[in-house]
Each structure stands twice: as structure tokens, then as C-alpha cells.
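Chemist: Here's a structure for you.
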Amino acid sequence: MSRINPLIHIRLEPSVKDFLQRRAKQQERTMGAHITFLLRQEIEKEKAPDPAVGSKSDAFHQ
């Protein structure tokens, strides 16, 4: 069986790995699938228009 998706190797702090393992198990996903899920959420956030742009709260952060 050949892999279609590229592999990456990352180092995680033990506490981060433990968290990831627990969440992946709760969501009935592999750790790799859960990492992909989380990254896709971040991609979608980046694509979405920022509702704070142009709001008065932006002035506070300047």
C-alpha cells in the first residue's frame, strides 16, 4: 500500500502529546486525523472575514 499524503515528523512536549491523545480518543480519531482537523479549523478561520475589522474595538488594540 502506498501513501498518498506526505508524512511529517514533529516533536511535541509531553503535555501537548497527552492532550492530543486524549482529544483524539474522545473524538474517535487518530492523532494524525485530529491534528489535520485542528489545522483545517485554523485555515477556515483565516479564510473567514474578520468581524472585528472596522469596529471600534480595533482602536483599542492600536
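Letters for chains follow the order of the C-alpha cells (A, B, ...), residue numbers begin at 1 for each chain, and ligand numbers begin at 1 in the order shown.
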If you run DSSP on the backbone, which residues of stretch 11-46 of chain A are helix (DSSP H, G or I), as a list in words?

Modeler: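 Those in stretch 11-46 of chain A that DSSP calls helix (DSSP H, G or I) are Pro14, Ser15, Val16, Lys17, Asp18, Phe19, Leu20, Gln21, Arg22, Arg23, Ala24, Lys25, Gln26, Met31, Gly32, Ala33, His34, Ile35, Thr36, Phe37, Leu38, Leu39, Arg40, Gln41, Glu42, Ile43, Glu44, Lys45 and Glu46 of chain A.
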
Chemist: Atoms to include: N, CA, C and O atoms. Write the selected residues as an mmCIF file, in the first residue's frame.

Modeler:
data_model
loop_
_atom_site.group_PDB
_atom_site.id
_atom_site.type_symbol
_atom_site.label_atom_id
_atom_site.label_comp_id
_atom_site.auth_asym_id
_atom_site.auth_seq_id
_atom_site.Cartn_x
_atom_site.Cartn_y
_atom_site.Cartn_z
ATOM 1 N N PRO A 14 5.600 16.610 26.096
ATOM 2 C CA PRO A 14 4.785 15.505 26.603
ATOM 3 C C PRO A 14 3.360 15.916 26.972
ATOM 4 O O PRO A 14 2.408 15.194 26.675
ATOM 5 N N SER A 15 3.190 17.091 27.574
ATOM 6 C CA SER A 15 1.842 17.529 27.957
ATOM 7 C C SER A 15 0.967 17.787 26.729
ATOM 8 O O SER A 15 -0.233 17.509 26.738
ATOM 9 N N VAL A 16 1.571 18.308 25.662
ATOM 10 C CA VAL A 16 0.822 18.559 24.423
ATOM 11 C C VAL A 16 0.438 17.231 23.780
ATOM 12 O O VAL A 16 -0.692 17.052 23.324
ATOM 13 N N LYS A 17 1.356 16.288 23.778
ATOM 14 C CA LYS A 17 1.077 14.967 23.216
ATOM 15 C C LYS A 17 -0.040 14.273 24.001
ATOM 16 O O LYS A 17 -0.957 13.689 23.407
ATOM 17 N N ASP A 18 0.013 14.362 25.326
ATOM 18 C CA ASP A 18 -1.034 13.753 26.161
ATOM 19 C C ASP A 18 -2.397 14.369 25.860
ATOM 20 O O ASP A 18 -3.400 13.665 25.722
ATOM 21 N N PHE A 19 -2.426 15.693 25.752
ATOM 22 C CA PHE A 19 -3.669 16.392 25.420
ATOM 23 C C PHE A 19 -4.194 15.920 24.067
ATOM 24 O O PHE A 19 -5.374 15.604 23.918
ATOM 25 N N LEU A 20 -3.309 15.876 23.082
ATOM 26 C CA LEU A 20 -3.691 15.450 21.737
ATOM 27 C C LEU A 20 -4.229 14.024 21.736
ATOM 28 O O LEU A 20 -5.255 13.745 21.113
ATOM 29 N N GLN A 21 -3.572 13.140 22.448
ATOM 30 C CA GLN A 21 -4.032 11.754 22.518
ATOM 31 C C GLN A 21 -5.425 11.664 23.140
ATOM 32 O O GLN A 21 -6.288 10.945 22.639
ATOM 33 N N ARG A 22 -5.638 12.401 24.237
ATOM 34 C CA ARG A 22 -6.958 12.378 24.897
ATOM 35 C C ARG A 22 -8.042 12.914 23.975
ATOM 36 O O ARG A 22 -9.104 12.312 23.835
ATOM 37 N N ARG A 23 -7.776 14.061 23.350
ATOM 38 C CA ARG A 23 -8.786 14.661 22.465
ATOM 39 C C ARG A 23 -9.078 13.776 21.258
ATOM 40 O O ARG A 23 -10.212 13.625 20.848
ATOM 41 N N ALA A 24 -8.044 13.212 20.675
ATOM 42 C CA ALA A 24 -8.229 12.342 19.511
ATOM 43 C C ALA A 24 -9.094 11.147 19.900
ATOM 44 O O ALA A 24 -10.015 10.777 19.167
ATOM 45 N N LYS A 25 -8.833 10.572 21.064
ATOM 46 C CA LYS A 25 -9.622 9.430 21.521
ATOM 47 C C LYS A 25 -11.077 9.835 21.762
ATOM 48 O O LYS A 25 -12.002 9.125 21.365
ATOM 49 N N GLN A 26 -11.288 10.997 22.394
ATOM 50 C CA GLN A 26 -12.654 11.485 22.639
ATOM 51 C C GLN A 26 -13.416 11.682 21.338
ATOM 52 O O GLN A 26 -14.619 11.439 21.278
ATOM 53 N N MET A 31 -4.456 10.405 16.064
ATOM 54 C CA MET A 31 -3.791 11.672 16.383
ATOM 55 C C MET A 31 -3.544 12.482 15.111
ATOM 56 O O MET A 31 -3.746 13.694 15.091
ATOM 57 N N GLY A 32 -3.131 11.803 14.056
ATOM 58 C CA GLY A 32 -2.900 12.499 12.792
ATOM 59 C C GLY A 32 -4.170 13.127 12.238
ATOM 60 O O GLY A 32 -4.157 14.263 11.758
ATOM 61 N N ALA A 33 -5.275 12.396 12.331
ATOM 62 C CA ALA A 33 -6.552 12.923 11.841
ATOM 63 C C ALA A 33 -6.997 14.110 12.685
ATOM 64 O O ALA A 33 -7.565 15.078 12.166
ATOM 65 N N HIS A 34 -6.731 14.048 13.987
ATOM 66 C CA HIS A 34 -7.138 15.159 14.846
ATOM 67 C C HIS A 34 -6.273 16.397 14.589
ATOM 68 O O HIS A 34 -6.795 17.517 14.558
ATOM 69 N N ILE A 35 -4.997 16.209 14.357
ATOM 70 C CA ILE A 35 -4.134 17.336 14.000
ATOM 71 C C ILE A 35 -4.630 17.971 12.704
ATOM 72 O O ILE A 35 -4.734 19.198 12.589
ATOM 73 N N THR A 36 -4.965 17.150 11.727
ATOM 74 C CA THR A 36 -5.491 17.659 10.457
ATOM 75 C C THR A 36 -6.776 18.436 10.679
ATOM 76 O O THR A 36 -6.965 19.534 10.131
ATOM 77 N N PHE A 37 -7.673 17.893 11.506
ATOM 78 C CA PHE A 37 -8.935 18.568 11.828
ATOM 79 C C PHE A 37 -8.662 19.948 12.436
ATOM 80 O O PHE A 37 -9.249 20.949 12.026
ATOM 81 N N LEU A 38 -7.758 20.007 13.418
ATOM 82 C CA LEU A 38 -7.457 21.274 14.080
ATOM 83 C C LEU A 38 -6.835 22.285 13.117
ATOM 84 O O LEU A 38 -7.180 23.472 13.142
ATOM 85 N N LEU A 39 -5.932 21.816 12.273
ATOM 86 C CA LEU A 39 -5.312 22.720 11.306
ATOM 87 C C LEU A 39 -6.320 23.220 10.278
ATOM 88 O O LEU A 39 -6.291 24.399 9.893
ATOM 89 N N ARG A 40 -7.226 22.367 9.856
ATOM 90 C CA ARG A 40 -8.261 22.815 8.903
ATOM 91 C C ARG A 40 -9.173 23.857 9.533
ATOM 92 O O ARG A 40 -9.621 24.785 8.856
ATOM 93 N N GLN A 41 -9.457 23.720 10.831
ATOM 94 C CA GLN A 41 -10.240 24.747 11.530
ATOM 95 C C GLN A 41 -9.515 26.091 11.470
ATOM 96 O O GLN A 41 -10.141 27.129 11.240
ATOM 97 N N GLU A 42 -8.211 26.068 11.691
ATOM 98 C CA GLU A 42 -7.428 27.298 11.636
ATOM 99 C C GLU A 42 -7.419 27.889 10.232
ATOM 100 O O GLU A 42 -7.490 29.103 10.059
ATOM 101 N N ILE A 43 -7.337 27.036 9.229
ATOM 102 C CA ILE A 43 -7.375 27.508 7.838
ATOM 103 C C ILE A 43 -8.704 28.194 7.568
ATOM 104 O O ILE A 43 -8.752 29.266 6.949
ATOM 105 N N GLU A 44 -9.793 27.600 8.019
ATOM 106 C CA GLU A 44 -11.121 28.193 7.810
ATOM 107 C C GLU A 44 -11.257 29.528 8.541
ATOM 108 O O GLU A 44 -11.859 30.453 8.016
ATOM 109 N N LYS A 45 -10.700 29.630 9.741
ATOM 110 C CA LYS A 45 -10.734 30.900 10.479
ATOM 111 C C LYS A 45 -10.016 31.985 9.692
ATOM 112 O O LYS A 45 -10.454 33.130 9.654
ATOM 113 N N GLU A 46 -8.897 31.617 9.084
ATOM 114 C CA GLU A 46 -8.112 32.584 8.323
ATOM 115 C C GLU A 46 -8.866 33.048 7.075
ATOM 116 O O GLU A 46 -8.762 34.194 6.669
#
